[in-house]
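data04.pdb (PDB, C-alpha atoms) appears below.
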```
MODEL        1
ATOM      1  CA  MET A  24    -104.731 -37.114-151.473  1.00  0.00           C
ATOM      2  CA  ASP A  25    -102.110 -34.378-151.251  1.00  0.00           C
ATOM      3  CA  PHE A  26     -99.402 -34.278-148.623  1.00  0.00           C
ATOM      4  CA  ALA A  27    -100.908 -31.183-146.923  1.00  0.00           C
ATOM      5  CA  GLN A  28    -104.215 -32.931-146.225  1.00  0.00           C
ATOM      6  CA  LEU A  29    -102.577 -36.083-144.858  1.00  0.00           C
ATOM      7  CA  HIS A  30    -100.100 -34.674-142.345  1.00  0.00           C
ATOM      8  CA  ALA A  31    -100.368 -31.955-139.711  1.00  0.00           C
ATOM      9  CA  ILE A  32     -97.449 -29.734-138.758  1.00  0.00           C
ATOM     10  CA  SER A  33     -96.142 -31.371-135.588  1.00  0.00           C
ATOM     11  CA  ASP A  34     -93.150 -29.261-134.563  1.00  0.00           C
ATOM     12  CA  ILE A  35     -91.901 -25.704-134.888  1.00  0.00           C
ATOM     13  CA  CYS A  36     -88.106 -25.774-134.639  1.00  0.00           C
ATOM     14  CA  LEU A  37     -86.208 -22.600-133.882  1.00  0.00           C
ATOM     15  CA  LEU A  38     -82.493 -22.436-134.601  1.00  0.00           C
ATOM     16  CA  VAL A  39     -80.781 -20.546-131.795  1.00  0.00           C
ATOM     17  CA  GLU A  40     -77.277 -19.374-130.982  1.00  0.00           C
ATOM     18  CA  ASP A  41     -77.297 -20.243-127.255  1.00  0.00           C
ATOM     19  CA  LEU A  42     -79.385 -23.254-126.185  1.00  0.00           C
ATOM     20  CA  ASP A  43     -79.192 -22.592-122.430  1.00  0.00           C
ATOM     21  CA  ARG A  44     -80.266 -18.973-122.890  1.00  0.00           C
ATOM     22  CA  SER A  45     -83.221 -20.087-125.035  1.00  0.00           C
ATOM     23  CA  ILE A  46     -84.288 -22.785-122.579  1.00  0.00           C
ATOM     24  CA  ALA A  47     -84.194 -20.218-119.776  1.00  0.00           C
ATOM     25  CA  PHE A  48     -86.327 -17.821-121.815  1.00  0.00           C
ATOM     26  CA  TYR A  49     -88.967 -20.394-122.812  1.00  0.00           C
ATOM     27  CA  THR A  50     -89.215 -21.958-119.340  1.00  0.00           C
ATOM     28  CA  GLU A  51     -88.784 -18.917-117.098  1.00  0.00           C
ATOM     29  CA  LYS A  52     -90.460 -16.245-119.209  1.00  0.00           C
ATOM     30  CA  LEU A  53     -93.131 -18.186-121.096  1.00  0.00           C
ATOM     31  CA  GLY A  54     -93.773 -21.155-118.798  1.00  0.00           C
ATOM     32  CA  PHE A  55     -92.919 -23.986-121.177  1.00  0.00           C
ATOM     33  CA  THR A  56     -91.725 -27.303-119.725  1.00  0.00           C
ATOM     34  CA  VAL A  57     -88.802 -29.166-121.268  1.00  0.00           C
ATOM     35  CA  VAL A  58     -89.970 -32.656-122.285  1.00  0.00           C
ATOM     36  CA  ARG A  59     -86.743 -33.811-123.956  1.00  0.00           C
ATOM     37  CA  ARG A  60     -83.210 -32.477-123.967  1.00  0.00           C
ATOM     38  CA  THR A  61     -80.072 -33.758-125.625  1.00  0.00           C
ATOM     39  CA  GLU A  62     -76.865 -32.047-126.642  1.00  0.00           C
ATOM     40  CA  GLY A  63     -77.792 -29.008-128.703  1.00  0.00           C
ATOM     41  CA  PHE A  64     -81.544 -29.791-128.626  1.00  0.00           C
ATOM     42  CA  ALA A  65     -84.552 -29.179-126.375  1.00  0.00           C
ATOM     43  CA  ALA A  66     -88.257 -29.842-126.939  1.00  0.00           C
ATOM     44  CA  PHE A  67     -91.257 -28.350-125.153  1.00  0.00           C
ATOM     45  CA  ASN A  68     -94.940 -29.372-125.299  1.00  0.00           C
ATOM     46  CA  SER A  69     -97.335 -26.782-126.644  1.00  0.00           C
ATOM     47  CA  ARG A  70    -100.936 -28.010-127.020  1.00  0.00           C
ATOM     48  CA  GLY A  71    -100.642 -30.276-130.032  1.00  0.00           C
ATOM     49  CA  VAL A  72     -97.468 -28.833-131.567  1.00  0.00           C
ATOM     50  CA  SER A  73     -93.983 -29.310-130.174  1.00  0.00           C
ATOM     51  CA  LEU A  74     -91.792 -26.256-129.869  1.00  0.00           C
ATOM     52  CA  VAL A  75     -88.180 -27.262-130.404  1.00  0.00           C
ATOM     53  CA  VAL A  76     -84.996 -25.247-130.031  1.00  0.00           C
ATOM     54  CA  TRP A  77     -81.840 -26.425-131.759  1.00  0.00           C
ATOM     55  CA  GLN A  78     -78.505 -24.793-131.200  1.00  0.00           C
ATOM     56  CA  ALA A  79     -77.568 -23.757-134.733  1.00  0.00           C
ATOM     57  CA  SER A  80     -74.102 -25.300-134.420  1.00  0.00           C
ATOM     58  CA  HIS A  81     -75.731 -28.728-133.795  1.00  0.00           C
ATOM     59  CA  VAL A  82     -77.996 -28.796-136.844  1.00  0.00           C
ATOM     60  CA  PRO A  83     -76.686 -31.344-139.346  1.00  0.00           C
ATOM     61  CA  ASP A  84     -74.520 -29.883-142.063  1.00  0.00           C
ATOM     62  CA  VAL A  85     -76.677 -29.327-145.099  1.00  0.00           C
ATOM     63  CA  PRO A  86     -75.032 -30.297-148.370  1.00  0.00           C
ATOM     64  CA  ARG A  87     -75.452 -27.685-151.090  1.00  0.00           C
ATOM     65  CA  PRO A  88     -76.894 -28.899-154.367  1.00  0.00           C
ATOM     66  CA  ILE A  89     -75.247 -27.422-157.427  1.00  0.00           C
ATOM     67  CA  THR A  90     -78.388 -25.411-158.288  1.00  0.00           C
ATOM     68  CA  HIS A  91     -79.000 -24.000-154.806  1.00  0.00           C
ATOM     69  CA  SER A  92     -76.573 -22.101-152.617  1.00  0.00           C
ATOM     70  CA  MET A  93     -77.247 -21.729-148.911  1.00  0.00           C
ATOM     71  CA  SER A  94     -75.497 -21.665-145.589  1.00  0.00           C
ATOM     72  CA  ARG A  95     -76.542 -22.814-142.151  1.00  0.00           C
ATOM     73  CA  THR A  96     -76.965 -19.173-141.101  1.00  0.00           C
ATOM     74  CA  ASP A  97     -79.712 -18.718-143.723  1.00  0.00           C
ATOM     75  CA  HIS A  98     -82.075 -20.776-141.538  1.00  0.00           C
ATOM     76  CA  ARG A  99     -83.777 -19.393-138.465  1.00  0.00           C
ATOM     77  CA  ALA A 100     -86.657 -21.864-138.225  1.00  0.00           C
ATOM     78  CA  CYS A 101     -87.516 -25.373-139.333  1.00  0.00           C
ATOM     79  CA  VAL A 102     -91.058 -26.657-139.923  1.00  0.00           C
ATOM     80  CA  SER A 103     -91.234 -30.329-139.005  1.00  0.00           C
ATOM     81  CA  ILE A 104     -93.787 -32.932-140.007  1.00  0.00           C
ATOM     82  CA  ARG A 105     -93.966 -36.128-137.940  1.00  0.00           C
ATOM     83  CA  LEU A 106     -94.762 -39.183-140.046  1.00  0.00           C
ATOM     84  CA  PRO A 107     -95.994 -42.501-138.617  1.00  0.00           C
ATOM     85  CA  THR A 108     -92.957 -44.636-139.550  1.00  0.00           C
ATOM     86  CA  ALA A 109     -89.399 -44.387-140.823  1.00  0.00           C
ATOM     87  CA  GLU A 110     -90.606 -46.054-144.022  1.00  0.00           C
ATOM     88  CA  ASP A 111     -93.032 -43.164-144.525  1.00  0.00           C
ATOM     89  CA  VAL A 112     -90.099 -40.730-144.466  1.00  0.00           C
ATOM     90  CA  ASP A 113     -88.575 -42.620-147.389  1.00  0.00           C
ATOM     91  CA  LEU A 114     -91.911 -42.886-149.229  1.00  0.00           C
ATOM     92  CA  TRP A 115     -92.665 -39.162-148.921  1.00  0.00           C
ATOM     93  CA  TYR A 116     -89.091 -38.315-149.868  1.00  0.00           C
ATOM     94  CA  ASP A 117     -89.578 -40.291-153.109  1.00  0.00           C
ATOM     95  CA  ASN A 118     -93.020 -38.761-153.665  1.00  0.00           C
ATOM     96  CA  LEU A 119     -91.824 -35.175-153.227  1.00  0.00           C
ATOM     97  CA  VAL A 120     -88.669 -35.706-155.296  1.00  0.00           C
ATOM     98  CA  GLY A 121     -91.085 -36.820-158.018  1.00  0.00           C
ATOM     99  CA  ARG A 122     -92.713 -33.397-157.663  1.00  0.00           C
ATOM    100  CA  GLU A 123     -89.283 -31.778-158.139  1.00  0.00           C
ATOM    101  CA  VAL A 124     -88.848 -30.723-154.508  1.00  0.00           C
ATOM    102  CA  LEU A 125     -85.115 -30.162-153.937  1.00  0.00           C
ATOM    103  CA  PHE A 126     -83.958 -31.960-150.816  1.00  0.00           C
ATOM    104  CA  GLN A 127     -80.987 -30.717-148.839  1.00  0.00           C
ATOM    105  CA  ARG A 128     -80.483 -33.935-146.898  1.00  0.00           C
ATOM    106  CA  LEU A 129     -81.464 -37.478-147.920  1.00  0.00           C
ATOM    107  CA  PRO A 130     -83.393 -39.673-145.458  1.00  0.00           C
ATOM    108  CA  ALA A 131     -81.085 -40.842-142.673  1.00  0.00           C
ATOM    109  CA  ASN A 132     -81.212 -41.912-139.033  1.00  0.00           C
ATOM    110  CA  TYR A 133     -80.035 -39.248-136.565  1.00  0.00           C
ATOM    111  CA  PRO A 134     -78.686 -39.532-132.998  1.00  0.00           C
ATOM    112  CA  TRP A 135     -81.749 -37.827-131.509  1.00  0.00           C
ATOM    113  CA  GLY A 136     -83.757 -40.970-132.343  1.00  0.00           C
ATOM    114  CA  ALA A 137     -85.466 -40.068-135.592  1.00  0.00           C
ATOM    115  CA  ARG A 138     -85.245 -40.772-139.298  1.00  0.00           C
ATOM    116  CA  CYS A 139     -85.259 -37.410-141.083  1.00  0.00           C
ATOM    117  CA  CYS A 140     -84.841 -35.699-144.406  1.00  0.00           C
ATOM    118  CA  PHE A 141     -84.733 -31.966-145.109  1.00  0.00           C
ATOM    119  CA  PHE A 142     -85.808 -29.659-147.915  1.00  0.00           C
ATOM    120  CA  THR A 143     -86.297 -25.915-148.298  1.00  0.00           C
ATOM    121  CA  ASP A 144     -89.138 -23.913-149.727  1.00  0.00           C
ATOM    122  CA  PRO A 145     -88.606 -21.138-152.309  1.00  0.00           C
ATOM    123  CA  ASP A 146     -87.863 -18.660-149.499  1.00  0.00           C
ATOM    124  CA  ASN A 147     -85.231 -20.968-148.016  1.00  0.00           C
ATOM    125  CA  ILE A 148     -87.375 -22.027-145.035  1.00  0.00           C
ATOM    126  CA  LEU A 149     -86.101 -25.384-143.856  1.00  0.00           C
ATOM    127  CA  TRP A 150     -88.617 -28.259-143.673  1.00  0.00           C
ATOM    128  CA  GLU A 151     -88.039 -31.611-142.010  1.00  0.00           C
ATOM    129  CA  LEU A 152     -89.899 -34.877-142.518  1.00  0.00           C
ATOM    130  CA  TYR A 153     -89.247 -37.243-139.632  1.00  0.00           C
ATOM    131  CA  ALA A 154     -90.404 -40.339-137.806  1.00  0.00           C
ATOM    132  CA  ASP A 155     -89.396 -41.518-134.367  1.00  0.00           C
ATOM    133  CA  LEU A 156     -87.275 -44.642-134.491  1.00  0.00           C
ATOM    134  CA  ALA A 157     -88.385 -47.745-132.591  1.00  0.00           C
ATOM    135  CA  GLU A 158     -85.355 -47.559-130.276  1.00  0.00           C
ATOM    136  CA  ARG A 159     -86.464 -44.150-128.965  1.00  0.00           C
ATOM    137  CA  ALA A 160     -90.201 -44.833-128.984  1.00  0.00           C
ATOM    138  CA  ALA A 161     -89.761 -47.920-126.801  1.00  0.00           C
TER     139      ALA A 161
ENDMDL
END
```

Just dump the structure as structure tokens.
Amino acid sequence: MDFAQLHAISDICLLVEDLDRSIAFYTEKLGFTVVRRTEGFAAFNSRGVSLVVWQASHVPDVPRPITHSMSRTDHRACVSIRLPTAEDVDLWYDNLVGREVLFQRLPANYPWGARCCFFTDPDNILWELYADLAERAA
């Protein structure tokens, strides 16, 4: 079965310039409730899909492959797919590399409690595959 049929989009991540200003907008203007906040990061529940705001200066540096030039400012959103386990992140990374998807960041554990890897689509939209780590899920 293809990746698209196996995994639902779980998060919409917006890269913002001012985290506090964005949190104020989403909570005060739109009525979202913050469910998790760390430095440079806030998540809100939204009926089955998490809305996440990341301060752009806190997004991990994205190494540039020789064949693809990009800068952090090229990204304004990130589509995230939650996978069941950290091992699944590695398995899908291998699977998609086999389909010649160019990854910007190899699978790694991040301080916000997830194992993640990142790739871009042909229009330079950033995609993240991630799984919560046991330490955070506990």

| message | I'd like the contact shell of Ala66 (chain A) - 9 Å cut-off, all atoms listed in the file, skipping same-chain residues fewer than 4 positions apart - returned as a PyMOL selection string. | response | chain A and resi 36+56-60+73-77

| said: Let me make sure I understand: among A:Ala131, A:Val124, A:Ile32, A:Ala157, which one has the smallest atom-to-atom distance to Pro145 (chain A) if we use only C-alpha atoms? | reply: A:Val124

| field | Ala100 (chain A) surroundings by only C-alpha atoms, 7 Å radius, close-in-sequence under 4 positions cut, as a ChimeraX atom specification | value | /A:36-38,148-149

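In terms of minimum interatomic distance to Asn147 (chain A), A:Phe126 ranks closest within A:Tyr133, A:Tyr116, A:Phe126, A:Tyr49, counting all atoms listed in the file.
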
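We find CA of Thr108 (chain A) and CA of Trp150 (chain A) to be spaced 17.4 Å apart.
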
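The space separating CA of Asp144 (chain A) from CA of Phe26 (chain A) comes to 14.6 Å.
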
| task | Let me know the residues the PyMOL selection byres ((chain A and resi 70) around 12) catches in the file above, as a ChimeraX atom specification. | result | /A:33-34,55-56,67-69,71-74

How big is the axis-aligned box around all listed atoms of region 54-67 of chain A once 4 Å goes on each side, and where's its centre, in Å to one decimal, as JSON?
```
{"center_x": -85.3, "center_y": -27.5, "center_z": -123.8, "size_x": 24.9, "size_y": 20.7, "size_z": 17.9}
```

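Taking CA of Arg44 (chain A) and CA of Gln78 (chain A) as the two end points, the separation is 10.3 Å.
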
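Using all atoms listed in the file for every distance, the candidate list A:Leu152, A:Val120, A:Val39, A:Leu106 yields A:Val39 as the residue closest to Val82 (chain A).
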
| Near-Cys140 (chain A) list (7 Å; all atoms listed in the file; drop same-chain fewer than 5 positions) as an NGL selection string | :A and (128-131 or 151-153)

Serialized selection, C-alpha atoms, as a tab-separated table (two decimals), in the coordinates of the input:
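Generated output (result_28.tsv):
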```tsv
chain	number	residue	atom	x	y	z
A	128	ARG	CA	-80.48	-33.94	-146.90
A	129	LEU	CA	-81.46	-37.48	-147.92
A	130	PRO	CA	-83.39	-39.67	-145.46
A	131	ALA	CA	-81.08	-40.84	-142.67
A	151	GLU	CA	-88.04	-31.61	-142.01
A	152	LEU	CA	-89.90	-34.88	-142.52
A	153	TYR	CA	-89.25	-37.24	-139.63
```

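Nearest residue to Ile104 (chain A) among A:Phe141, A:Gly54, A:Ala47, A:Asn118 is A:Phe141, counting only C-alpha atoms.
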
| request: Report as a list in words the residues that result from applying the PyMOL selection byres ((chain A and resi 138) around 6) to the structure here. | output: Ala109, Ala131, Asn132, Ala137, Cys139, Tyr153 and Ala154 of chain A

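Between Thr143 (chain A) and the candidates A:Asp117, A:Leu156, A:Glu62, A:Ser103, the tightest atom-to-atom separation, counting only C-alpha atoms, involves A:Ser103.
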
| Picked residues, the PyMOL selection byres ((chain A and resi 25) around 12), expected as a PyMOL selection string | chain A and resi 24+26-31+115+118-119+122

Restricting the output to C-alpha atoms, write the selected residues as an mmCIF file, in the frame of the given file.
```
data_model
loop_
_atom_site.group_PDB
_atom_site.id
_atom_site.type_symbol
_atom_site.label_atom_id
_atom_site.label_comp_id
_atom_site.auth_asym_id
_atom_site.auth_seq_id
_atom_site.Cartn_x
_atom_site.Cartn_y
_atom_site.Cartn_z
ATOM 1 C CA MET A 24 -104.731 -37.114 -151.473
ATOM 2 C CA PHE A 26 -99.402 -34.278 -148.623
ATOM 3 C CA ALA A 27 -100.908 -31.183 -146.923
ATOM 4 C CA GLN A 28 -104.215 -32.931 -146.225
ATOM 5 C CA LEU A 29 -102.577 -36.083 -144.858
ATOM 6 C CA HIS A 30 -100.100 -34.674 -142.345
ATOM 7 C CA ALA A 31 -100.368 -31.955 -139.711
ATOM 8 C CA TRP A 115 -92.665 -39.162 -148.921
ATOM 9 C CA ASN A 118 -93.020 -38.761 -153.665
ATOM 10 C CA LEU A 119 -91.824 -35.175 -153.227
ATOM 11 C CA ARG A 122 -92.713 -33.397 -157.663
#
```

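Among the candidates A:Glu40, A:Glu123, A:Asp155, A:Glu51, the residue lying nearest to Pro107 (chain A) is A:Asp155 (atoms considered: all atoms listed in the file).
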